$ cat upload33.cif   # mmCIF, C-alpha atoms
data_input
loop_
_atom_site.label_atom_id
_atom_site.label_comp_id
_atom_site.auth_asym_id
_atom_site.auth_seq_id
_atom_site.Cartn_x
_atom_site.Cartn_y
_atom_site.Cartn_z
CA MET A 1479 0.00 0.00 0.00
CA ILE A 1480 1.29 3.44 -0.91
CA GLU A 1481 0.39 6.59 0.96
CA VAL A 1482 0.04 9.68 -1.24
CA GLU A 1483 -0.11 12.93 0.62
CA PHE A 1484 0.14 16.68 0.42
CA LYS A 1485 1.01 18.75 3.44
CA TYR A 1486 0.14 22.47 3.66
CA TRP A 1487 0.72 25.26 6.09
CA SER A 1488 -2.79 25.83 7.36
CA PRO A 1489 -4.64 29.05 6.40
CA GLY A 1490 -6.06 28.72 9.96
CA ASN A 1491 -7.29 25.44 11.42
CA SER A 1492 -10.61 26.82 12.61
CA ALA A 1493 -11.47 28.02 9.05
CA VAL A 1494 -10.42 24.65 7.57
CA VAL A 1495 -12.55 22.73 10.08
CA ALA A 1496 -15.56 25.00 9.35
CA THR A 1497 -15.23 24.30 5.61
CA LEU A 1498 -14.81 20.56 6.20
CA ILE A 1499 -18.03 20.49 8.20
CA LYS A 1500 -19.82 22.51 5.50
CA LEU A 1501 -18.62 20.01 2.85
CA GLY A 1502 -20.05 17.14 4.90
CA ALA A 1503 -16.75 15.65 6.06
CA LYS A 1504 -17.01 13.09 8.84
CA ARG A 1505 -14.89 13.62 11.93
CA LEU A 1506 -13.04 10.37 12.57
CA SER A 1507 -10.89 11.13 15.57
CA ASP A 1508 -9.32 13.81 17.71
CA LEU A 1509 -6.05 12.67 19.21
CA THR A 1510 -2.89 13.80 20.91
CA MET A 1511 0.08 11.96 19.43
CA GLU A 1512 3.70 11.68 20.33
CA ASP A 1513 5.91 10.35 17.57
CA ILE A 1514 9.33 9.11 18.55
CA TYR A 1515 11.78 8.73 15.67
CA PHE A 1516 14.73 6.41 16.08
CA SER A 1517 18.18 6.28 14.58
CA HIS A 1518 20.42 3.22 14.37
CA PRO A 1519 24.23 3.11 14.30
CA SER A 1520 24.34 0.56 11.44
CA ARG A 1521 22.25 2.63 9.08
CA GLU A 1522 21.67 6.32 9.29
CA LEU A 1523 17.96 6.30 8.60
CA GLY A 1524 17.81 10.02 7.80
CA LYS A 1525 20.40 9.58 5.04
CA THR A 1526 18.70 6.56 3.48
CA ASP A 1527 15.37 8.48 3.69
CA GLU A 1528 13.86 5.76 5.87
CA ALA A 1529 12.18 6.27 9.20
CA VAL A 1530 11.35 4.15 12.22
CA ARG A 1531 8.59 5.73 14.22
CA LEU A 1532 6.88 4.73 17.43
CA ARG A 1533 3.58 6.59 17.72
CA LYS A 1534 1.94 6.93 21.12
CA LYS A 1535 -1.73 7.91 21.14
CA GLU A 1536 -4.38 7.92 23.84
CA ASP A 1537 -5.96 4.89 22.18
CA GLY A 1538 -2.82 2.79 21.66
CA ALA A 1539 0.60 2.64 20.10
CA GLU A 1540 1.98 1.63 16.75
CA LEU A 1541 5.34 0.99 15.17
CA THR A 1542 5.90 2.16 11.62
CA TYR A 1543 8.61 1.73 9.05
CA LYS A 1544 8.65 4.31 6.27
CA GLY A 1545 10.65 3.62 3.13
CA PRO A 1546 12.40 6.14 0.88
CA ARG A 1547 10.11 8.67 -0.78
CA ILE A 1548 9.05 8.35 -4.39
CA ARG A 1549 7.94 11.61 -6.01
CA THR A 1550 4.76 11.48 -8.11
CA GLY A 1551 4.26 15.00 -9.37
CA THR A 1552 4.29 17.27 -6.31
CA ALA A 1553 2.82 14.63 -4.01
CA LYS A 1554 5.06 12.24 -2.14
CA ALA A 1555 4.59 8.51 -1.89
CA ARG A 1556 6.46 6.02 0.25
CA GLU A 1557 6.10 2.52 1.47
CA GLU A 1558 4.63 2.42 4.93
CA ILE A 1559 4.38 -0.66 7.14
CA THR A 1560 2.65 -0.39 10.49
CA VAL A 1561 1.89 -2.77 13.34
CA LYS A 1562 -0.14 -1.98 16.40
CA VAL A 1563 1.68 -2.85 19.60
CA ASP A 1564 0.03 -3.38 22.98
CA ASP A 1565 2.66 -1.56 25.01
CA ALA A 1566 4.57 1.51 23.79
CA LEU A 1567 7.16 1.42 26.55
CA SER A 1568 8.08 -2.22 25.89
CA ALA A 1569 8.29 -1.55 22.16
CA GLN A 1570 10.64 1.35 22.86
CA ARG A 1571 12.79 -0.81 25.15
CA ILE A 1572 13.07 -3.55 22.51
CA LEU A 1573 14.20 -0.97 19.94
CA GLU A 1574 16.74 0.47 22.38
CA ARG A 1575 18.16 -2.96 23.24
CA LEU A 1576 18.68 -3.53 19.51
CA GLY A 1577 20.75 -0.37 19.21
CA PHE A 1578 18.06 2.11 18.12
CA LYS A 1579 18.25 5.48 19.81
CA GLU A 1580 15.53 8.08 20.29
CA ALA A 1581 16.50 10.83 17.86
CA TYR A 1582 13.53 13.21 17.70
CA VAL A 1583 10.08 13.60 19.18
CA VAL A 1584 7.22 15.20 17.26
CA ALA A 1585 4.20 16.01 19.43
CA LYS A 1586 0.93 17.04 17.85
CA LYS A 1587 -2.82 17.32 18.24
CA ARG A 1588 -4.55 15.86 15.21
CA ALA A 1589 -8.21 16.05 14.24
CA THR A 1590 -8.91 13.62 11.39
CA TYR A 1591 -11.76 13.97 8.90
CA GLN A 1592 -12.97 11.75 6.08
CA LEU A 1593 -13.96 13.66 2.94
CA ASP A 1594 -14.99 11.26 0.16
CA LYS A 1595 -11.88 9.13 -0.41
CA LEU A 1596 -9.57 11.62 1.23
CA ARG A 1597 -8.35 11.65 4.78
CA VAL A 1598 -7.80 15.17 6.04
CA ASP A 1599 -5.64 15.70 9.12
CA VAL A 1600 -5.89 19.07 10.81
CA ASP A 1601 -2.75 19.31 12.94
CA VAL A 1602 -1.26 21.55 15.58
CA VAL A 1603 2.41 20.58 15.88
CA GLU A 1604 4.39 21.54 18.95
CA ASP A 1605 7.10 24.10 18.09
CA LEU A 1606 5.95 24.30 14.44
CA GLY A 1607 2.35 25.50 14.15
CA GLU A 1608 -0.81 24.57 12.22
CA PHE A 1609 -0.89 22.28 9.20
CA VAL A 1610 -3.35 20.37 7.05
CA GLU A 1611 -2.53 17.03 5.49
CA LEU A 1612 -4.48 15.43 2.64
CA GLU A 1613 -3.92 11.71 2.33
CA VAL A 1614 -5.00 8.77 0.22
CA LEU A 1615 -3.88 5.19 0.75
CA THR A 1616 -3.87 3.55 -2.64
CA GLU A 1617 -2.25 0.97 -4.89
CA SER A 1618 -2.35 3.40 -7.84
CA PRO A 1619 -0.99 6.83 -6.81
CA GLU A 1620 -1.37 8.45 -10.23
CA ARG A 1621 -5.19 8.32 -10.12
CA VAL A 1622 -5.74 10.37 -7.02
CA THR A 1623 -3.96 13.60 -7.91
CA SER A 1624 -7.09 15.24 -9.35
CA LEU A 1625 -9.06 14.44 -6.20
CA LEU A 1626 -6.34 15.92 -4.01
CA GLU A 1627 -6.17 19.08 -6.11
CA LEU A 1628 -9.90 19.62 -5.84
CA ALA A 1629 -9.77 19.47 -2.04
CA GLN A 1630 -6.84 21.88 -2.09
CA VAL A 1631 -9.00 24.54 -3.76
CA GLU A 1632 -12.01 23.96 -1.51
CA LEU A 1633 -9.97 24.20 1.67
CA ASP A 1634 -7.88 27.19 0.53
CA LEU A 1635 -4.60 25.30 0.84
CA SER A 1636 -1.88 27.03 -1.16
CA LYS A 1637 1.32 26.86 0.83
CA LEU A 1638 2.57 23.37 0.09
CA GLU A 1639 5.20 21.99 2.46
CA PRO A 1640 7.11 19.06 1.01
CA LYS A 1641 9.08 18.40 4.18
CA THR A 1642 7.98 16.11 6.98
CA TYR A 1643 7.35 17.47 10.47
CA LEU A 1644 10.52 15.70 11.47
CA GLU A 1645 12.54 17.53 8.81
CA LEU A 1646 10.94 20.87 9.70
CA LEU A 1647 11.79 20.30 13.34
CA ILE A 1648 15.38 19.36 12.48
CA ASP A 1649 15.63 22.51 10.29
CA LYS A 1650 14.32 24.62 13.16
CA LYS A 1651 16.27 23.13 16.03
CA GLY A 1652 19.41 22.16 14.19
CA LYS A 1653 21.00 18.73 14.46
CA MET B 1077 10.93 -9.12 35.23
CA ILE B 1078 13.23 -12.11 35.08
CA GLU B 1079 12.20 -15.47 33.69
CA VAL B 1080 13.74 -18.41 35.54
CA GLU B 1081 13.37 -21.72 33.79
CA PHE B 1082 14.52 -25.28 33.59
CA LYS B 1083 14.12 -27.31 30.43
CA TYR B 1084 14.11 -31.12 30.45
CA TRP B 1085 13.94 -33.86 27.90
CA SER B 1086 10.50 -35.28 28.57
CA PRO B 1087 10.16 -38.76 30.12
CA GLY B 1088 7.07 -38.98 27.85
CA ASN B 1089 4.60 -36.13 27.44
CA SER B 1090 1.51 -38.26 28.05
CA ALA B 1091 2.88 -39.42 31.44
CA VAL B 1092 3.79 -35.83 32.37
CA VAL B 1093 0.31 -34.58 31.47
CA ALA B 1094 -1.32 -37.41 33.48
CA THR B 1095 0.74 -36.43 36.55
CA LEU B 1096 -0.02 -32.73 36.09
CA ILE B 1097 -3.76 -33.47 36.02
CA LYS B 1098 -3.40 -35.69 39.12
CA LEU B 1099 -1.60 -32.84 40.95
CA GLY B 1100 -4.46 -30.48 40.12
CA ALA B 1101 -2.64 -28.37 37.54
CA LYS B 1102 -4.84 -26.10 35.45
CA ARG B 1103 -4.58 -26.31 31.67
CA LEU B 1104 -4.06 -22.76 30.41
CA SER B 1105 -3.67 -23.22 26.68
CA ASP B 1106 -2.86 -25.59 23.88
CA LEU B 1107 -1.18 -23.86 20.99
CA THR B 1108 0.81 -24.36 17.84
CA MET B 1109 3.63 -21.84 17.69
CA GLU B 1110 6.10 -20.83 15.07
CA ASP B 1111 9.08 -18.89 16.37
CA ILE B 1112 11.13 -17.01 13.84
CA TYR B 1113 14.57 -15.93 15.05
CA PHE B 1114 16.27 -13.05 13.33
CA SER B 1115 19.87 -12.07 12.83
CA HIS B 1116 21.18 -8.60 12.04
CA PRO B 1117 24.35 -7.68 10.12
CA SER B 1118 25.35 -4.98 12.64
CA ARG B 1119 25.30 -7.31 15.62
CA GLU B 1120 25.51 -11.06 15.54
CA LEU B 1121 22.80 -11.78 18.05
CA GLY B 1122 23.91 -15.40 18.59
CA LYS B 1123 27.38 -14.22 19.65
CA THR B 1124 26.11 -11.54 22.02
CA ASP B 1125 23.68 -14.14 23.47
CA GLU B 1126 20.72 -11.98 22.55
CA ALA B 1127 17.70 -13.05 20.53
CA VAL B 1128 14.99 -11.35 18.51
CA ARG B 1129 12.00 -13.59 18.12
CA LEU B 1130 8.71 -13.20 16.33
CA ARG B 1131 6.24 -15.74 17.68
CA LYS B 1132 3.19 -16.65 15.59
CA LYS B 1133 0.37 -18.40 17.41
CA GLU B 1134 -3.22 -19.15 16.47
CA ASP B 1135 -4.33 -16.45 18.90
CA GLY B 1136 -1.93 -13.70 17.87
CA ALA B 1137 1.67 -12.70 17.43
CA GLU B 1138 4.34 -11.20 19.64
CA LEU B 1139 7.79 -9.76 19.29
CA THR B 1140 10.35 -10.57 21.97
CA TYR B 1141 13.84 -9.40 22.79
CA LYS B 1142 15.87 -11.72 24.98
CA GLY B 1143 18.98 -10.41 26.66
CA PRO B 1144 22.15 -12.32 27.52
CA ARG B 1145 21.67 -15.19 29.97
CA ILE B 1146 22.58 -14.90 33.63
CA ARG B 1147 23.22 -18.21 35.36
CA THR B 1148 21.61 -18.66 38.77
CA GLY B 1149 22.65 -22.12 39.90
CA THR B 1150 21.62 -24.51 37.12
CA ALA B 1151 18.63 -22.43 36.08
CA LYS B 1152 18.97 -19.72 33.51
CA ALA B 1153 17.64 -16.21 33.78
CA ARG B 1154 17.54 -13.52 31.16
CA GLU B 1155 15.84 -10.25 30.51
CA GLU B 1156 12.81 -10.69 28.31
CA ILE B 1157 10.79 -7.88 26.76
CA THR B 1158 7.68 -8.72 24.76
CA VAL B 1159 5.05 -6.75 22.88
CA LYS B 1160 1.96 -8.15 21.26
CA VAL B 1161 1.62 -7.09 17.64
CA ASP B 1162 -1.59 -7.14 15.63
CA ASP B 1163 -0.07 -8.48 12.41
CA ALA B 1164 2.82 -10.97 12.30
CA LEU B 1165 3.52 -10.49 8.60
CA SER B 1166 3.81 -6.70 8.90
CA ALA B 1167 6.07 -7.08 11.95
CA GLN B 1168 8.29 -9.43 9.96
CA ARG B 1169 8.40 -7.01 7.02
CA ILE B 1170 9.40 -4.10 9.31
CA LEU B 1171 12.24 -6.21 10.76
CA GLU B 1172 13.39 -7.20 7.27
CA ARG B 1173 13.35 -3.60 6.03
CA LEU B 1174 15.60 -2.71 8.99
CA GLY B 1175 18.15 -5.33 7.97
CA PHE B 1176 17.04 -8.26 10.12
CA LYS B 1177 17.08 -11.61 8.38
CA GLU B 1178 15.14 -14.75 9.20
CA ALA B 1179 17.80 -17.08 10.61
CA TYR B 1180 15.94 -20.04 12.14
CA VAL B 1181 12.40 -21.25 12.63
CA VAL B 1182 11.39 -23.32 15.66
CA ALA B 1183 7.93 -24.90 15.31
CA LYS B 1184 6.26 -26.51 18.29
CA LYS B 1185 3.01 -27.62 19.84
CA ARG B 1186 2.81 -26.40 23.44
CA ALA B 1187 0.32 -27.33 26.14
CA THR B 1188 0.68 -24.95 29.10
CA TYR B 1189 -0.33 -25.78 32.67
CA GLN B 1190 -0.37 -23.73 35.84
CA LEU B 1191 0.83 -25.63 38.91
CA ASP B 1192 0.91 -23.35 41.96
CA LYS B 1193 3.31 -20.57 41.01
CA LEU B 1194 4.92 -22.58 38.24
CA ARG B 1195 4.10 -22.54 34.59
CA VAL B 1196 4.70 -25.91 32.99
CA ASP B 1197 5.01 -26.13 29.22
CA VAL B 1198 4.68 -29.57 27.67
CA ASP B 1199 6.23 -29.24 24.23
CA VAL B 1200 6.59 -31.24 21.05
CA VAL B 1201 9.27 -29.53 18.96
CA GLU B 1202 9.55 -30.19 15.26
CA ASP B 1203 12.79 -32.05 14.42
CA LEU B 1204 13.78 -32.28 18.12
CA GLY B 1205 11.20 -34.25 20.15
CA GLU B 1206 9.37 -33.91 23.48
CA PHE B 1207 10.36 -31.49 26.26
CA VAL B 1208 9.01 -30.06 29.49
CA GLU B 1209 9.77 -26.53 30.63
CA LEU B 1210 9.27 -25.24 34.16
CA GLU B 1211 9.06 -21.48 34.40
CA VAL B 1212 8.61 -18.75 36.96
CA LEU B 1213 8.46 -15.05 36.20
CA THR B 1214 9.89 -13.27 39.22
CA GLU B 1215 11.80 -10.30 40.50
CA SER B 1216 13.78 -12.53 42.91
CA PRO B 1217 15.13 -15.63 41.08
CA GLU B 1218 16.90 -17.13 44.12
CA ARG B 1219 13.62 -17.84 45.95
CA VAL B 1220 12.02 -20.10 43.42
CA THR B 1221 14.66 -22.80 43.04
CA SER B 1222 13.15 -25.00 45.77
CA LEU B 1223 9.73 -24.82 44.14
CA LEU B 1224 11.22 -25.80 40.79
CA GLU B 1225 13.13 -28.71 42.30
CA LEU B 1226 9.99 -30.07 43.92
CA ALA B 1227 8.13 -30.11 40.60
CA GLN B 1228 11.12 -31.79 38.99
CA VAL B 1229 10.78 -34.78 41.34
CA GLU B 1230 6.99 -35.01 41.00
CA LEU B 1231 7.10 -34.95 37.21
CA ASP B 1232 10.07 -37.33 36.92
CA LEU B 1233 12.23 -34.81 35.12
CA SER B 1234 15.89 -35.75 35.31
CA LYS B 1235 17.50 -34.98 31.97
CA LEU B 1236 18.16 -31.26 32.20
CA GLU B 1237 18.82 -29.48 28.92
CA PRO B 1238 20.51 -26.10 29.35
CA LYS B 1239 20.37 -25.23 25.67
CA THR B 1240 17.52 -23.40 23.99
CA TYR B 1241 15.49 -25.08 21.25
CA LEU B 1242 17.20 -22.73 18.87
CA GLU B 1243 20.66 -23.90 19.99
CA LEU B 1244 19.61 -27.56 19.83
CA LEU B 1245 18.30 -27.04 16.32
CA ILE B 1246 21.51 -25.29 15.26
CA ASP B 1247 23.55 -28.16 16.79
CA LYS B 1248 21.45 -30.67 14.87
CA LYS B 1249 21.23 -28.95 11.52
CA GLY B 1250 24.59 -27.19 11.56
CA LYS B 1251 25.01 -23.54 10.75
#
$ encode --input "upload33.cif" --output "structure tokens"
Amino acid sequence: MIEVEFKYWSPGNSAVVATLIKLGAKRLSDLTMEDIYFSHPSRELGKTDEAVRLRKKEDGAELTYKGPRIRTGTAKAREEITVKVDDALSAQRILERLGFKEAYVVAKKRATYQLDKLRVDVDVVEDLGEFVELEVLTESPERVTSLLELAQVELDLSKLEPKTYLELLIDKKGK
Amino acid sequence: MIEVEFKYWSPGNSAVVATLIKLGAKRLSDLTMEDIYFSHPSRELGKTDEAVRLRKKEDGAELTYKGPRIRTGTAKAREEITVKVDDALSAQRILERLGFKEAYVVAKKRATYQLDKLRVDVDVVEDLGEFVELEVLTESPERVTSLLELAQVELDLSKLEPKTYLELLIDKKGK
């Protein structure tokens, strides 16, 4: 499965949410998340454009591997493999025993909406600000671009941000 | 938490089970398990006496890290950290993307009984034969030895096997 997504600096989360509601979007969840990104001495995951992320949410934890990005137009696509784990602390300890080290933490509040086949995340990211992400999980990334572009107009999203929150945070804080 | 355990070549699993029932042991589960052990190029886990194991059972999957063994008398103790995962195949793919390689598979049928504070596993291991494991999870390993030794007499367990199934399988099949 390939995740295709656009990320935008938000024109204002409250305006975006108002438009989503007007368009009939369904609110799926409203969560506080802490994403811990790990590095490993044998392979510098930042350099290979891979990521190992442990996500802690109120309703559980999950471990995700993200593969190198593939560009498809201006959207980004990458392999993403996720497993739910029953205990975030134990998962973190296993990773640490295997040589992984906590490299960065991205903390955010995320309200997620479903709008037709799109998932829209309205995010407030600690130390970064407000963002909107449009996402489609698909086997055929080329088909969805028109759908994404339509939503972009409706939600007044113009300031595309190709970098991940992790990269933005690294840019801001320095290595 | 430290796991203290003795493993024995079984004097015959059906006799052991008959005795367990006579002693009032409670049958906890009866499962087929496939344990996949992984190696990693950056650290030869066999040499550091660590193990990364993905266990697939009918009722779910779990990922375990086992630390180097600490001998306490003739029993063995080692740190063990486990998380349940919701999808064994995805967990395996994440490990493989991170450079872990499937090294060995240990397949067994395990009937587990609770006898006082002991857990007794009655195992049939593919390519190896019948075994009985006595286990206690404890914070104070020194206290439980007498309990273990009592069970050993009751269940007619005399042929202690200090090696893991994995080691026995490696001995048998060669590297």
$ calpha_fit_and_write --input "upload33.cif" --fixed "chain B" --moving "chain A" --output "short mmCIF file (atom, residue, chain, number, x, y, z; two decimals) with C-alpha atoms, keeping the file's coordinate frame"
data_model
loop_
_atom_site.label_atom_id
_atom_site.label_comp_id
_atom_site.auth_asym_id
_atom_site.auth_seq_id
_atom_site.Cartn_x
_atom_site.Cartn_y
_atom_site.Cartn_z
CA MET A 1479 10.96 -9.08 35.09
CA ILE A 1480 13.25 -12.09 34.98
CA GLU A 1481 12.23 -15.47 33.65
CA VAL A 1482 13.75 -18.43 35.51
CA GLU A 1483 13.37 -21.73 33.79
CA PHE A 1484 14.50 -25.32 33.59
CA LYS A 1485 14.12 -27.32 30.43
CA TYR A 1486 14.10 -31.15 30.45
CA TRP A 1487 13.93 -33.88 27.89
CA SER A 1488 10.50 -35.28 28.58
CA PRO A 1489 10.16 -38.77 30.14
CA GLY A 1490 7.08 -38.97 27.85
CA ASN A 1491 4.59 -36.13 27.45
CA SER A 1492 1.53 -38.27 28.05
CA ALA A 1493 2.91 -39.42 31.46
CA VAL A 1494 3.81 -35.82 32.40
CA VAL A 1495 0.33 -34.57 31.47
CA ALA A 1496 -1.29 -37.40 33.50
CA THR A 1497 0.75 -36.42 36.57
CA LEU A 1498 -0.02 -32.72 36.09
CA ILE A 1499 -3.73 -33.48 36.04
CA LYS A 1500 -3.38 -35.68 39.14
CA LEU A 1501 -1.57 -32.83 40.95
CA GLY A 1502 -4.44 -30.47 40.12
CA ALA A 1503 -2.63 -28.36 37.53
CA LYS A 1504 -4.83 -26.09 35.45
CA ARG A 1505 -4.55 -26.32 31.68
CA LEU A 1506 -4.06 -22.79 30.39
CA SER A 1507 -3.66 -23.23 26.67
CA ASP A 1508 -2.87 -25.62 23.86
CA LEU A 1509 -1.19 -23.88 20.97
CA THR A 1510 0.80 -24.39 17.82
CA MET A 1511 3.63 -21.86 17.67
CA GLU A 1512 6.10 -20.84 15.06
CA ASP A 1513 9.06 -18.90 16.36
CA ILE A 1514 11.12 -17.00 13.84
CA TYR A 1515 14.55 -15.92 15.07
CA PHE A 1516 16.28 -13.04 13.35
CA SER A 1517 19.88 -12.06 12.86
CA HIS A 1518 21.18 -8.58 12.09
CA PRO A 1519 24.35 -7.63 10.19
CA SER A 1520 25.36 -4.95 12.75
CA ARG A 1521 25.29 -7.29 15.71
CA GLU A 1522 25.51 -11.02 15.59
CA LEU A 1523 22.79 -11.78 18.09
CA GLY A 1524 23.89 -15.39 18.61
CA LYS A 1525 27.36 -14.22 19.67
CA THR A 1526 26.10 -11.57 22.07
CA ASP A 1527 23.65 -14.18 23.48
CA GLU A 1528 20.68 -11.99 22.57
CA ALA A 1529 17.68 -13.05 20.55
CA VAL A 1530 14.98 -11.35 18.54
CA ARG A 1531 12.00 -13.61 18.14
CA LEU A 1532 8.71 -13.21 16.34
CA ARG A 1533 6.23 -15.76 17.68
CA LYS A 1534 3.20 -16.65 15.59
CA LYS A 1535 0.36 -18.41 17.40
CA GLU A 1536 -3.23 -19.17 16.46
CA ASP A 1537 -4.34 -16.46 18.88
CA GLY A 1538 -1.93 -13.70 17.85
CA ALA A 1539 1.68 -12.71 17.43
CA GLU A 1540 4.33 -11.22 19.65
CA LEU A 1541 7.78 -9.77 19.31
CA THR A 1542 10.33 -10.58 21.98
CA TYR A 1543 13.81 -9.41 22.81
CA LYS A 1544 15.84 -11.75 25.00
CA GLY A 1545 18.96 -10.45 26.70
CA PRO A 1546 22.12 -12.39 27.56
CA ARG A 1547 21.63 -15.26 30.00
CA ILE A 1548 22.55 -14.96 33.65
CA ARG A 1549 23.17 -18.29 35.40
CA THR A 1550 21.59 -18.73 38.84
CA GLY A 1551 22.59 -22.20 39.95
CA THR A 1552 21.54 -24.58 37.17
CA ALA A 1553 18.56 -22.47 36.13
CA LYS A 1554 18.93 -19.76 33.53
CA ALA A 1555 17.60 -16.25 33.80
CA ARG A 1556 17.50 -13.54 31.17
CA GLU A 1557 15.81 -10.28 30.53
CA GLU A 1558 12.79 -10.71 28.34
CA ILE A 1559 10.77 -7.90 26.77
CA THR A 1560 7.67 -8.74 24.78
CA VAL A 1561 5.05 -6.76 22.89
CA LYS A 1562 1.96 -8.15 21.27
CA VAL A 1563 1.63 -7.10 17.65
CA ASP A 1564 -1.59 -7.14 15.65
CA ASP A 1565 -0.06 -8.46 12.44
CA ALA A 1566 2.82 -10.95 12.30
CA LEU A 1567 3.52 -10.46 8.62
CA SER A 1568 3.83 -6.67 8.94
CA ALA A 1569 6.07 -7.06 11.98
CA GLN A 1570 8.29 -9.41 9.98
CA ARG A 1571 8.42 -6.97 7.06
CA ILE A 1572 9.42 -4.08 9.35
CA LEU A 1573 12.24 -6.20 10.80
CA GLU A 1574 13.40 -7.18 7.31
CA ARG A 1575 13.39 -3.58 6.07
CA LEU A 1576 15.62 -2.69 9.02
CA GLY A 1577 18.18 -5.30 8.01
CA PHE A 1578 17.05 -8.24 10.17
CA LYS A 1579 17.07 -11.58 8.41
CA GLU A 1580 15.14 -14.74 9.23
CA ALA A 1581 17.79 -17.06 10.63
CA TYR A 1582 15.94 -20.02 12.15
CA VAL A 1583 12.40 -21.24 12.63
CA VAL A 1584 11.37 -23.32 15.64
CA ALA A 1585 7.92 -24.90 15.29
CA LYS A 1586 6.25 -26.53 18.26
CA LYS A 1587 3.01 -27.65 19.84
CA ARG A 1588 2.81 -26.42 23.41
CA ALA A 1589 0.32 -27.36 26.11
CA THR A 1590 0.68 -24.98 29.06
CA TYR A 1591 -0.32 -25.80 32.64
CA GLN A 1592 -0.36 -23.73 35.81
CA LEU A 1593 0.86 -25.62 38.89
CA ASP A 1594 0.91 -23.35 41.95
CA LYS A 1595 3.32 -20.56 40.97
CA LEU A 1596 4.93 -22.57 38.22
CA ARG A 1597 4.12 -22.54 34.55
CA VAL A 1598 4.70 -25.92 32.97
CA ASP A 1599 5.01 -26.15 29.19
CA VAL A 1600 4.67 -29.58 27.66
CA ASP A 1601 6.23 -29.25 24.20
CA VAL A 1602 6.59 -31.26 21.04
CA VAL A 1603 9.27 -29.53 18.95
CA GLU A 1604 9.54 -30.21 15.25
CA ASP A 1605 12.78 -32.06 14.42
CA LEU A 1606 13.76 -32.29 18.12
CA GLY A 1607 11.18 -34.23 20.15
CA GLU A 1608 9.36 -33.91 23.48
CA PHE A 1609 10.35 -31.52 26.25
CA VAL A 1610 9.00 -30.07 29.48
CA GLU A 1611 9.75 -26.55 30.61
CA LEU A 1612 9.26 -25.25 34.15
CA GLU A 1613 9.07 -21.48 34.36
CA VAL A 1614 8.62 -18.73 36.91
CA LEU A 1615 8.49 -15.03 36.11
CA THR A 1616 9.89 -13.23 39.11
CA GLU A 1617 11.83 -10.23 40.37
CA SER A 1618 13.80 -12.44 42.79
CA PRO A 1619 15.14 -15.55 40.98
CA GLU A 1620 16.94 -17.01 44.00
CA ARG A 1621 13.69 -17.73 45.88
CA VAL A 1622 12.09 -20.03 43.38
CA THR A 1623 14.72 -22.73 43.02
CA SER A 1624 13.23 -24.93 45.76
CA LEU A 1625 9.80 -24.77 44.13
CA LEU A 1626 11.25 -25.74 40.76
CA GLU A 1627 13.16 -28.66 42.26
CA LEU A 1628 10.05 -30.02 43.92
CA ALA A 1629 8.17 -30.07 40.61
CA GLN A 1630 11.15 -31.77 38.99
CA VAL A 1631 10.80 -34.73 41.36
CA GLU A 1632 7.02 -34.96 41.02
CA LEU A 1633 7.12 -34.94 37.24
CA ASP A 1634 10.09 -37.32 36.95
CA LEU A 1635 12.24 -34.78 35.12
CA SER A 1636 15.90 -35.75 35.31
CA LYS A 1637 17.49 -35.00 31.98
CA LEU A 1638 18.15 -31.28 32.19
CA GLU A 1639 18.80 -29.50 28.90
CA PRO A 1640 20.49 -26.14 29.34
CA LYS A 1641 20.35 -25.25 25.66
CA THR A 1642 17.49 -23.43 23.98
CA TYR A 1643 15.47 -25.10 21.23
CA LEU A 1644 17.20 -22.74 18.86
CA GLU A 1645 20.64 -23.92 19.98
CA LEU A 1646 19.58 -27.57 19.83
CA LEU A 1647 18.29 -27.05 16.31
CA ILE A 1648 21.50 -25.29 15.26
CA ASP A 1649 23.53 -28.17 16.80
CA LYS A 1650 21.42 -30.69 14.89
CA LYS A 1651 21.23 -28.98 11.53
CA GLY A 1652 24.57 -27.23 11.54
CA LYS A 1653 25.00 -23.56 10.72
#
$ closest_atom_pairs --input "upload33.cif" --of "chain B" --to "chain A" --cutoff "8 Å" --atoms "all atoms listed in the file" --output "tab-separated table"
residue	atom	partner	partner_atom	distance
B:Ser1118	CA	A:Ser1520	CA	5.8
B:Thr1140	CA	A:Ile1572	CA	7.5
B:Tyr1141	CA	A:Ile1572	CA	5.9
B:Ile1157	CA	A:Ser1568	CA	6.3
B:Thr1158	CA	A:Ser1568	CA	6.6
B:Val1159	CA	A:Asp1564	CA	6.0
B:Lys1160	CA	A:Asp1564	CA	5.4
B:Val1161	CA	A:Val1563	CA	4.7
B:Asp1162	CA	A:Lys1562	CA	5.4
B:Asp1163	CA	A:Val1561	CA	6.1
B:Ser1166	CA	A:Val1561	CA	6.2
B:Ala1167	CA	A:Val1561	CA	6.2
B:Arg1169	CA	A:Ile1559	CA	7.5
B:Ile1170	CA	A:Tyr1543	CA	5.9
B:Arg1173	CA	A:Tyr1543	CA	7.7
$ atom_distance --input "upload33.cif" --atom1 "atom CA of A:Glu1580" --atom2 "atom CA of A:Arg1531"
9.5 Å
$ residues_near_point --input "upload33.cif" --point "(12.1, 4.4, -4.1)" --cutoff "12 Å" --atoms "only C-alpha atoms" --output "list in words"
Ile1480, Thr1526, Asp1527, Glu1528, Lys1544, Gly1545, Pro1546, Arg1547, Ile1548, Arg1549, Thr1550, Lys1554, Ala1555, Arg1556, Glu1557 and Glu1558 of chain A
$ resolve_selection --input "upload33.cif" --expression "the PyMOL selection byres ((chain B and resi 1231) around 9)" --output "tab-separated table (two decimals) with C-alpha atoms, in the frame of the given file"
chain	number	residue	atom	x	y	z
B	1087	PRO	CA	10.16	-38.76	30.12
B	1091	ALA	CA	2.88	-39.42	31.44
B	1092	VAL	CA	3.79	-35.83	32.37
B	1093	VAL	CA	0.31	-34.58	31.47
B	1095	THR	CA	0.74	-36.43	36.55
B	1096	LEU	CA	-0.02	-32.73	36.09
B	1226	LEU	CA	9.99	-30.07	43.92
B	1227	ALA	CA	8.13	-30.11	40.60
B	1228	GLN	CA	11.12	-31.79	38.99
B	1229	VAL	CA	10.78	-34.78	41.34
B	1230	GLU	CA	6.99	-35.01	41.00
B	1232	ASP	CA	10.07	-37.33	36.92
B	1233	LEU	CA	12.23	-34.81	35.12
